[in-house]
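Source file: input20.pdb (PDB, C-alpha atoms)
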```
ATOM      1  CA  MET A  26       0.374  -1.471  28.153
ATOM      2  CA  LEU A  27       1.526  -3.359  25.063
ATOM      3  CA  ARG A  28       2.572  -6.967  25.493
ATOM      4  CA  LEU A  29       4.948  -7.659  22.616
ATOM      5  CA  PRO A  30       6.579 -11.099  22.772
ATOM      6  CA  GLU A  31      10.229 -11.499  21.742
ATOM      7  CA  VAL A  32       9.399 -13.363  18.538
ATOM      8  CA  HIS A  33       7.442 -10.348  17.263
ATOM      9  CA  ARG A  34      10.095  -7.845  18.402
ATOM     10  CA  LYS A  35      12.593  -9.834  16.334
ATOM     11  CA  ALA A  36      10.297  -9.808  13.307
ATOM     12  CA  ILE A  37       9.845  -6.023  13.539
ATOM     13  CA  ALA A  38      13.597  -5.473  13.987
ATOM     14  CA  ALA A  39      14.397  -7.762  11.038
ATOM     15  CA  HIS A  40      11.897  -5.906   8.826
ATOM     16  CA  GLY A  41      13.432  -2.567   9.812
ATOM     17  CA  GLU A  42      16.914  -3.843   8.984
ATOM     18  CA  ARG A  43      15.801  -5.291   5.648
ATOM     19  CA  ALA A  44      14.094  -2.061   4.583
ATOM     20  CA  TYR A  45      17.045   0.168   5.632
ATOM     21  CA  PRO A  46      17.718   2.913   4.556
ATOM     22  CA  GLN A  47      13.963   3.176   3.838
ATOM     23  CA  GLU A  48      11.305   3.077   6.533
ATOM     24  CA  ALA A  49       9.602  -0.268   7.132
ATOM     25  CA  CYS A  50       5.989  -0.429   8.328
ATOM     26  CA  GLY A  51       3.430  -3.007   9.337
ATOM     27  CA  ALA A  52       0.522  -3.902  11.583
ATOM     28  CA  LEU A  53       0.218  -5.449  15.036
ATOM     29  CA  LEU A  54      -2.595  -7.985  15.387
ATOM     30  CA  GLY A  55      -3.758  -9.294  18.709
ATOM     31  CA  THR A  56      -6.276  -8.987  21.482
ATOM     32  CA  ALA A  57      -7.234  -6.078  23.691
ATOM     33  CA  ALA A  58      -9.001  -5.556  26.990
ATOM     34  CA  GLY A  59      -9.361  -1.811  27.329
ATOM     35  CA  ASP A  60      -5.870  -0.323  27.021
ATOM     36  CA  ASP A  61      -4.142  -3.640  27.723
ATOM     37  CA  LYS A  62      -3.072  -4.985  24.331
ATOM     38  CA  ARG A  63      -1.329  -8.231  23.479
ATOM     39  CA  VAL A  64       0.341  -8.797  20.102
ATOM     40  CA  LEU A  65      -0.154 -12.279  18.644
ATOM     41  CA  ALA A  66       0.984 -11.602  15.073
ATOM     42  CA  THR A  67       2.659  -8.965  12.937
ATOM     43  CA  LEU A  68       1.870  -8.234   9.290
ATOM     44  CA  GLU A  69       4.363  -6.481   7.060
ATOM     45  CA  ALA A  70       2.958  -3.711   4.857
ATOM     46  CA  ALA A  71       4.425  -1.967   1.821
ATOM     47  CA  ASN A  72       5.539   1.613   2.439
ATOM     48  CA  ARG A  73       3.532   3.525  -0.189
ATOM     49  CA  PHE A  74       4.768   7.016   0.647
ATOM     50  CA  GLY A  75       5.089   8.968  -2.602
ATOM     51  CA  ASN A  76       2.595   6.706  -4.375
ATOM     52  CA  VAL A  77      -0.718   7.910  -2.962
ATOM     53  CA  GLU A  78      -2.540  11.163  -3.592
ATOM     54  CA  GLU A  79      -2.352  12.698  -0.116
ATOM     55  CA  PHE A  80       1.228  11.605   0.598
ATOM     56  CA  GLN A  81       3.501  12.773  -2.216
ATOM     57  CA  GLU A  82       7.243  13.332  -1.964
ATOM     58  CA  ARG A  83       8.232  16.899  -1.195
ATOM     59  CA  THR A  84      11.529  18.499  -0.330
ATOM     60  CA  GLY A  85      13.018  16.576   2.557
ATOM     61  CA  GLU A  86      10.334  13.902   2.490
ATOM     62  CA  SER A  87      10.817  10.437   1.006
ATOM     63  CA  GLN A  88      10.523   6.805   2.080
ATOM     64  CA  ALA A  89      13.768   7.347   4.005
ATOM     65  CA  ASN A  90      11.850   9.399   6.576
ATOM     66  CA  ARG A  91       8.151   8.867   5.840
ATOM     67  CA  TYR A  92       5.782   5.926   5.559
ATOM     68  CA  VAL A  93       2.161   5.499   4.662
ATOM     69  CA  ILE A  94      -0.127   2.483   4.647
ATOM     70  CA  PRO A  95      -3.032   3.541   2.393
ATOM     71  CA  PRO A  96      -6.681   2.873   3.282
ATOM     72  CA  GLU A  97      -7.097  -0.097   0.916
ATOM     73  CA  ALA A  98      -4.162  -1.792   2.639
ATOM     74  CA  VAL A  99      -5.526  -0.925   6.094
ATOM     75  CA  ALA A 100      -8.881  -2.443   5.059
ATOM     76  CA  ARG A 101      -7.077  -5.628   3.917
ATOM     77  CA  ILE A 102      -5.188  -5.793   7.222
ATOM     78  CA  GLU A 103      -8.471  -5.420   9.134
ATOM     79  CA  ARG A 104     -10.048  -8.225   7.092
ATOM     80  CA  GLU A 105      -7.048 -10.475   7.757
ATOM     81  CA  ALA A 106      -7.294  -9.727  11.485
ATOM     82  CA  ARG A 107     -11.021 -10.559  11.531
ATOM     83  CA  GLN A 108     -10.393 -13.848   9.697
ATOM     84  CA  ARG A 109      -7.895 -14.808  12.423
ATOM     85  CA  GLY A 110     -10.297 -13.732  15.168
ATOM     86  CA  LEU A 111      -7.953 -10.875  16.163
ATOM     87  CA  ASP A 112      -8.055  -7.082  16.317
ATOM     88  CA  VAL A 113      -5.655  -4.557  14.827
ATOM     89  CA  VAL A 114      -4.108  -3.221  18.051
ATOM     90  CA  GLY A 115      -1.428  -1.032  16.506
ATOM     91  CA  PHE A 116       1.178  -0.428  13.841
ATOM     92  CA  TYR A 117       4.971  -0.364  13.709
ATOM     93  CA  HIS A 118       7.523   1.507  11.653
ATOM     94  CA  SER A 119      11.271   2.031  11.604
ATOM     95  CA  HIS A 120      13.328   5.185  12.047
ATOM     96  CA  PRO A 121      16.460   4.776   9.908
ATOM     97  CA  ASP A 122      19.409   6.497  11.620
ATOM     98  CA  HIS A 123      17.035   8.194  14.026
ATOM     99  CA  PRO A 124      16.064   7.389  17.635
ATOM    100  CA  ALA A 125      12.979   5.346  18.578
ATOM    101  CA  ARG A 126      10.955   8.341  19.594
ATOM    102  CA  PRO A 127       8.033   9.848  17.732
ATOM    103  CA  SER A 128       8.355  12.906  15.552
ATOM    104  CA  ARG A 129       5.816  15.714  15.365
ATOM    105  CA  TYR A 130       4.830  14.178  12.019
ATOM    106  CA  ASP A 131       4.116  10.848  13.774
ATOM    107  CA  GLN A 132       1.919  12.599  16.325
ATOM    108  CA  ASP A 133       0.069  14.662  13.710
ATOM    109  CA  HIS A 134      -0.907  11.499  11.828
ATOM    110  CA  ALA A 135      -1.655   9.193  14.752
ATOM    111  CA  TRP A 136      -4.970   7.687  15.802
ATOM    112  CA  PRO A 137      -5.878   7.356  19.471
ATOM    113  CA  TRP A 138      -5.825   4.043  21.364
ATOM    114  CA  LEU A 139      -3.659   2.238  18.782
ATOM    115  CA  SER A 140      -0.093   1.355  19.781
ATOM    116  CA  TYR A 141       2.634   2.792  17.560
ATOM    117  CA  VAL A 142       5.854   0.785  17.883
ATOM    118  CA  ILE A 143       9.001   2.449  16.563
ATOM    119  CA  VAL A 144      12.246   0.567  15.954
ATOM    120  CA  ALA A 145      15.395   2.632  15.541
ATOM    121  CA  VAL A 146      17.747   1.278  12.863
ATOM    122  CA  ALA A 147      21.274   2.678  13.073
ATOM    123  CA  GLN A 148      23.554   1.976  10.113
ATOM    124  CA  GLY A 149      21.348  -0.960   9.154
ATOM    125  CA  ARG A 150      21.137  -2.570  12.603
ATOM    126  CA  ALA A 151      18.109  -2.452  14.927
ATOM    127  CA  ALA A 152      19.014  -0.294  17.916
ATOM    128  CA  GLY A 153      16.091   0.090  20.273
ATOM    129  CA  MET A 154      12.329  -0.176  20.267
ATOM    130  CA  ALA A 155       9.565   1.716  22.043
ATOM    131  CA  SER A 156       5.785   2.063  21.855
ATOM    132  CA  PHE A 157       3.656   5.212  21.963
ATOM    133  CA  VAL A 158      -0.035   6.058  22.264
ATOM    134  CA  LEU A 159      -1.784   9.301  21.304
ATOM    135  CA  SER A 160      -3.852  10.913  24.058
ATOM    136  CA  ASP A 161      -7.590  11.305  23.433
ATOM    137  CA  ASP A 162      -7.222  15.083  22.955
ATOM    138  CA  ARG A 163      -4.234  14.597  20.563
ATOM    139  CA  SER A 164      -1.986  16.762  22.770
ATOM    140  CA  VAL A 165       0.483  14.066  23.879
ATOM    141  CA  PHE A 166       2.063  11.087  22.115
ATOM    142  CA  ALA A 167       3.243   9.319  25.231
ATOM    143  CA  PRO A 168       5.469   6.284  25.755
ATOM    144  CA  GLU A 169       3.498   3.179  26.638
ATOM    145  CA  PRO A 170       4.813   0.378  28.878
ATOM    146  CA  LEU A 171       6.191  -2.396  26.659
ATOM    147  CA  GLU A 172       6.374  -5.875  28.125
TER     148      GLU A 172
ATOM    149  CA  MET B   2     -34.215   6.452   5.984
ATOM    150  CA  PRO B   3     -31.059   7.080   8.024
ATOM    151  CA  ASN B   4     -27.539   6.362   6.833
ATOM    152  CA  ARG B   5     -25.092   4.287   8.840
ATOM    153  CA  ILE B   6     -21.562   5.490   9.562
ATOM    154  CA  LEU B   7     -19.163   2.680  10.457
ATOM    155  CA  ILE B   8     -16.737   3.732  13.191
ATOM    156  CA  PRO B   9     -13.174   2.323  13.169
ATOM    157  CA  ALA B  10     -12.013   0.557  16.342
ATOM    158  CA  ALA B  11      -9.588   3.363  17.246
ATOM    159  CA  LEU B  12     -12.460   5.872  17.494
ATOM    160  CA  ARG B  13     -15.121   3.783  19.222
ATOM    161  CA  ARG B  14     -14.175   5.096  22.647
ATOM    162  CA  PHE B  15     -15.708   8.402  21.471
ATOM    163  CA  THR B  16     -19.000   6.825  20.346
ATOM    164  CA  SER B  17     -19.825   4.928  23.532
ATOM    165  CA  ASP B  18     -18.299   1.785  21.956
ATOM    166  CA  GLN B  19     -20.795   1.812  19.104
ATOM    167  CA  ASN B  20     -19.281   0.428  15.898
ATOM    168  CA  ALA B  21     -21.970   2.129  13.795
ATOM    169  CA  VAL B  22     -23.908   5.349  14.211
ATOM    170  CA  GLU B  23     -27.074   6.286  12.304
ATOM    171  CA  VAL B  24     -27.544   9.823  11.005
ATOM    172  CA  GLU B  25     -30.074  11.642   8.805
ATOM    173  CA  ALA B  26     -28.166  13.534   6.111
ATOM    174  CA  GLY B  27     -28.318  14.520   2.435
ATOM    175  CA  THR B  28     -24.576  14.529   1.737
ATOM    176  CA  VAL B  29     -21.388  13.040   3.154
ATOM    177  CA  ASP B  30     -20.412  16.427   4.622
ATOM    178  CA  GLU B  31     -23.764  16.686   6.404
ATOM    179  CA  ALA B  32     -23.440  13.137   7.729
ATOM    180  CA  LEU B  33     -19.959  13.747   9.163
ATOM    181  CA  LYS B  34     -21.043  17.082  10.662
ATOM    182  CA  ALA B  35     -24.001  15.336  12.305
ATOM    183  CA  LEU B  36     -21.625  12.688  13.680
ATOM    184  CA  VAL B  37     -19.158  15.139  15.266
ATOM    185  CA  THR B  38     -21.991  17.308  16.589
ATOM    186  CA  ARG B  39     -23.321  14.255  18.441
ATOM    187  CA  PHE B  40     -19.874  13.026  19.544
ATOM    188  CA  LYS B  41     -17.887  16.245  19.953
ATOM    189  CA  PRO B  42     -14.490  14.702  20.931
ATOM    190  CA  LEU B  43     -14.423  12.925  17.544
ATOM    191  CA  GLU B  44     -14.071  16.231  15.733
ATOM    192  CA  ALA B  45     -10.352  16.760  16.452
ATOM    193  CA  HIS B  46      -9.522  13.304  15.077
ATOM    194  CA  LEU B  47     -11.448  13.719  11.823
ATOM    195  CA  PHE B  48     -11.112  17.421  11.017
ATOM    196  CA  GLN B  49      -8.370  20.034  11.097
ATOM    197  CA  ASP B  50      -9.265  23.653  10.350
ATOM    198  CA  GLY B  51     -12.684  22.512   9.141
ATOM    199  CA  LYS B  52     -11.251  20.079   6.555
ATOM    200  CA  LEU B  53     -10.940  16.304   6.732
ATOM    201  CA  ARG B  54      -7.459  15.338   7.924
ATOM    202  CA  SER B  55      -5.186  13.934   5.216
ATOM    203  CA  PHE B  56      -5.129  10.480   6.791
ATOM    204  CA  VAL B  57      -8.916  10.207   7.149
ATOM    205  CA  ASN B  58     -10.575   8.480   4.211
ATOM    206  CA  VAL B  59     -14.299   8.239   3.664
ATOM    207  CA  PHE B  60     -16.023   5.597   1.594
ATOM    208  CA  VAL B  61     -19.690   5.463   0.564
ATOM    209  CA  ASN B  62     -20.481   1.783   0.307
ATOM    210  CA  ASP B  63     -17.149   0.654  -1.247
ATOM    211  CA  GLU B  64     -16.344   3.838  -3.180
ATOM    212  CA  ASP B  65     -13.763   6.395  -2.027
ATOM    213  CA  ILE B  66     -15.521   9.799  -1.983
ATOM    214  CA  ARG B  67     -12.444  11.327  -3.667
ATOM    215  CA  HIS B  68     -13.598   9.432  -6.775
ATOM    216  CA  LEU B  69     -17.178  10.695  -6.307
ATOM    217  CA  GLN B  70     -18.094  14.288  -5.406
ATOM    218  CA  LYS B  71     -16.033  14.310  -2.188
ATOM    219  CA  GLY B  72     -17.973  15.853   0.713
ATOM    220  CA  ALA B  73     -20.774  16.921  -1.617
ATOM    221  CA  THR B  74     -21.492  13.283  -2.537
ATOM    222  CA  VAL B  75     -25.262  12.809  -2.283
ATOM    223  CA  LEU B  76     -26.399   9.961  -0.055
ATOM    224  CA  LYS B  77     -29.163   7.588  -1.074
ATOM    225  CA  ALA B  78     -31.334   5.778   1.406
ATOM    226  CA  ALA B  79     -29.381   3.079   3.232
ATOM    227  CA  ASP B  80     -25.971   4.081   1.828
ATOM    228  CA  THR B  81     -23.269   3.108   4.328
ATOM    229  CA  ILE B  82     -20.403   5.463   5.097
ATOM    230  CA  SER B  83     -17.084   4.024   6.274
ATOM    231  CA  ILE B  84     -14.253   5.961   7.898
ATOM    232  CA  VAL B  85     -11.022   4.199   6.957
ATOM    233  CA  PRO B  86      -7.659   5.373   8.253
ATOM    234  CA  SER B  87      -4.430   5.746   6.368
ATOM    235  CA  ILE B  88      -1.575   5.020   8.726
ATOM    236  CA  ALA B  89       1.305   7.444   8.291
ATOM    237  CA  GLY B  90       4.303   8.861  10.084
ATOM    238  CA  GLY B  91       8.050   9.005   9.951
ATOM    239  CA  SER B  92      11.150  10.429  11.508
TER     240      SER B  92
END
```

Write out the structure in this file as structure tokens.
Amino acid sequence: MLRLPEVHRKAIAAHGERAYPQEACGALLGTAAGDDKRVLATLEAANRFGNVEEFQERTGESQANRYVIPPEAVARIEREARQRGLDVVGFYHSHPDHPARPSRYDQDHAWPWLSYVIVAVAQGRAAGMASFVLSDDRSVFAPEPLE
Amino acid sequence: MPNRILIPAALRRFTSDQNAVEVEAGTVDEALKALVTRFKPLEAHLFQDGKLRSFVNVFVNDEDIRHLQKGATVLKAADTISIVPSIAGGS
């Protein structure tokens, strides 16, 4: 279960709209008790796809359909969370002109336990949001209740 | 002297909630092998076809092993290994 208050849904949607037609991405900071996660803050991140060694542009792949937050940025996000007394409970990204459901690429690159919120952005306007969690054996990237 | 491997929050459910695991190893490869041998379910999250997954990054102290000798990087006593994720995806 991911508890994502309206104010943070709006921030994620606004970031997705601003980044359109590129993918937006960022982190979800909050508290967790087991699999019950509550978001208390969001942090925008720069989409560095195409600018890091392991994630270069190839045919059909660009910031319009890919995002990456490199390890140095993840480490900074974790430090920021610790300073606020929070945990990194997940990440969000946008799907420009694509539904809010995970791709095979999302699943292949996901970490377990973390919540992955996807906001669909159709023609520049946010159009739906959902959250997904990877199963412990990596076989399923399942929808997670969003409250 | 053993080396410590720091475990990211997302993977701690596979290490009995330990945020650090101590291993005896000569290189980074040996340390990671020792880790996944001890905590078998971790293997699928760190390795694919015997190679580190593209979104798994390993640091020795504060240095990315890609700028050292990668998996062959020799560990000194008390070196700390960190597993740091890249977060990636897309439509």

Find the residues of chain A that sit at most 9 Å from chain B; for each, write down the nearest two atoms and how far apart they are in Å, to one decimal. Count all atoms listed in the file. Sort by chain, then by number going up, and give it as CSV.
```
residue,atom,partner,partner_atom,distance
A:Glu48,CA,B:Gly91,CA,7.6
A:Phe74,CA,B:Ala89,CA,8.4
A:Glu79,CA,B:Ser55,CA,6.2
A:Phe80,CA,B:Ser55,CA,8.2
A:Gln88,CA,B:Gly91,CA,8.5
A:Ala89,CA,B:Gly91,CA,8.4
A:Asn90,CA,B:Ser92,CA,5.1
A:Arg91,CA,B:Gly91,CA,4.1
A:Tyr92,CA,B:Ala89,CA,5.5
A:Val93,CA,B:Ala89,CA,4.2
A:Ile94,CA,B:Ile88,CA,5.0
A:Pro95,CA,B:Ser87,CA,4.8
A:Pro96,CA,B:Ser87,CA,4.8
A:Glu97,CA,B:Val85,CA,8.4
A:Ala98,CA,B:Ser87,CA,8.4
A:Val99,CA,B:Ser87,CA,6.8
A:Ala100,CA,B:Val85,CA,7.2
A:Asp112,CA,B:Ala10,CA,8.6
A:Val113,CA,B:Ala10,CA,8.3
A:Val114,CA,B:Ala11,CA,8.6
A:Phe116,CA,B:Ile88,CA,8.0
A:His118,CA,B:Gly91,CA,7.7
A:Ser119,CA,B:Gly91,CA,7.9
A:His120,CA,B:Ser92,CA,5.7
A:Pro121,CA,B:Ser92,CA,7.9
A:His123,CA,B:Ser92,CA,6.8
A:Pro124,CA,B:Ser92,CA,8.4
A:Ala125,CA,B:Ser92,CA,8.9
A:Arg126,CA,B:Ser92,CA,8.4
A:Pro127,CA,B:Ser92,CA,7.0
A:Ser128,CA,B:Ser92,CA,5.5
A:Arg129,CA,B:Ser92,CA,8.4
A:Tyr130,CA,B:Gly90,CA,5.7
A:Asp131,CA,B:Gly90,CA,4.2
A:Gln132,CA,B:Gly90,CA,7.7
A:Asp133,CA,B:Gly90,CA,8.0
A:His134,CA,B:Ala89,CA,5.8
A:Ala135,CA,B:Ala89,CA,7.3
A:Trp136,CA,B:Ala11,CA,6.5
A:Pro137,CA,B:Ala11,CA,5.9
A:Trp138,CA,B:Ala11,CA,5.6
A:Leu139,CA,B:Ala11,CA,6.2
A:Asp161,CA,B:Pro42,CA,8.1
A:Asp162,CA,B:Ala45,CA,7.4
A:Arg163,CA,B:Ala45,CA,7.7
```

Item checked: Within 10 Å of Leu33 of chain B using only C-alpha atoms, minus same-chain residues under 3 positions, as an NGL selection string -> :B and (6 or 24 or 26 or 28-30 or 36-39 or 44 or 47-48 or 53 or 59 or 72 or 82 or 84)

Note to self: Show me, as a ChimeraX atom specification, the residues that have an atom within 10 Å of segment 34-47 of chain A when counting only C-alpha atoms, minus same-chain residues fewer than 3 positions from it.
What the structure shows: /A:29-31,50-53,64,66-69,72,87-92,117-122,142-154

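Picture a line from atom CA of Pro170 of chain A to atom CA of His33 of chain A; it runs 16.0 Å.
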
Notebook entry, point to check: In Å, with one decimal, what is the gap from atom CA of Asp63 of chain B to atom CA of Gly27 of chain B?
Noted result: 18.2 Å

Notebook entry, point to check: What does the distance between atom CA of Met26 of chain A and atom CA of Ala58 of chain A come to in Å, to one decimal place?
Noted result: 10.3 Å

Item checked: Residue nearest Asn20 of chain B among B:Lys41, B:Lys52, B:Arg5, B:Lys71 (counting only C-alpha atoms) -> B:Arg5
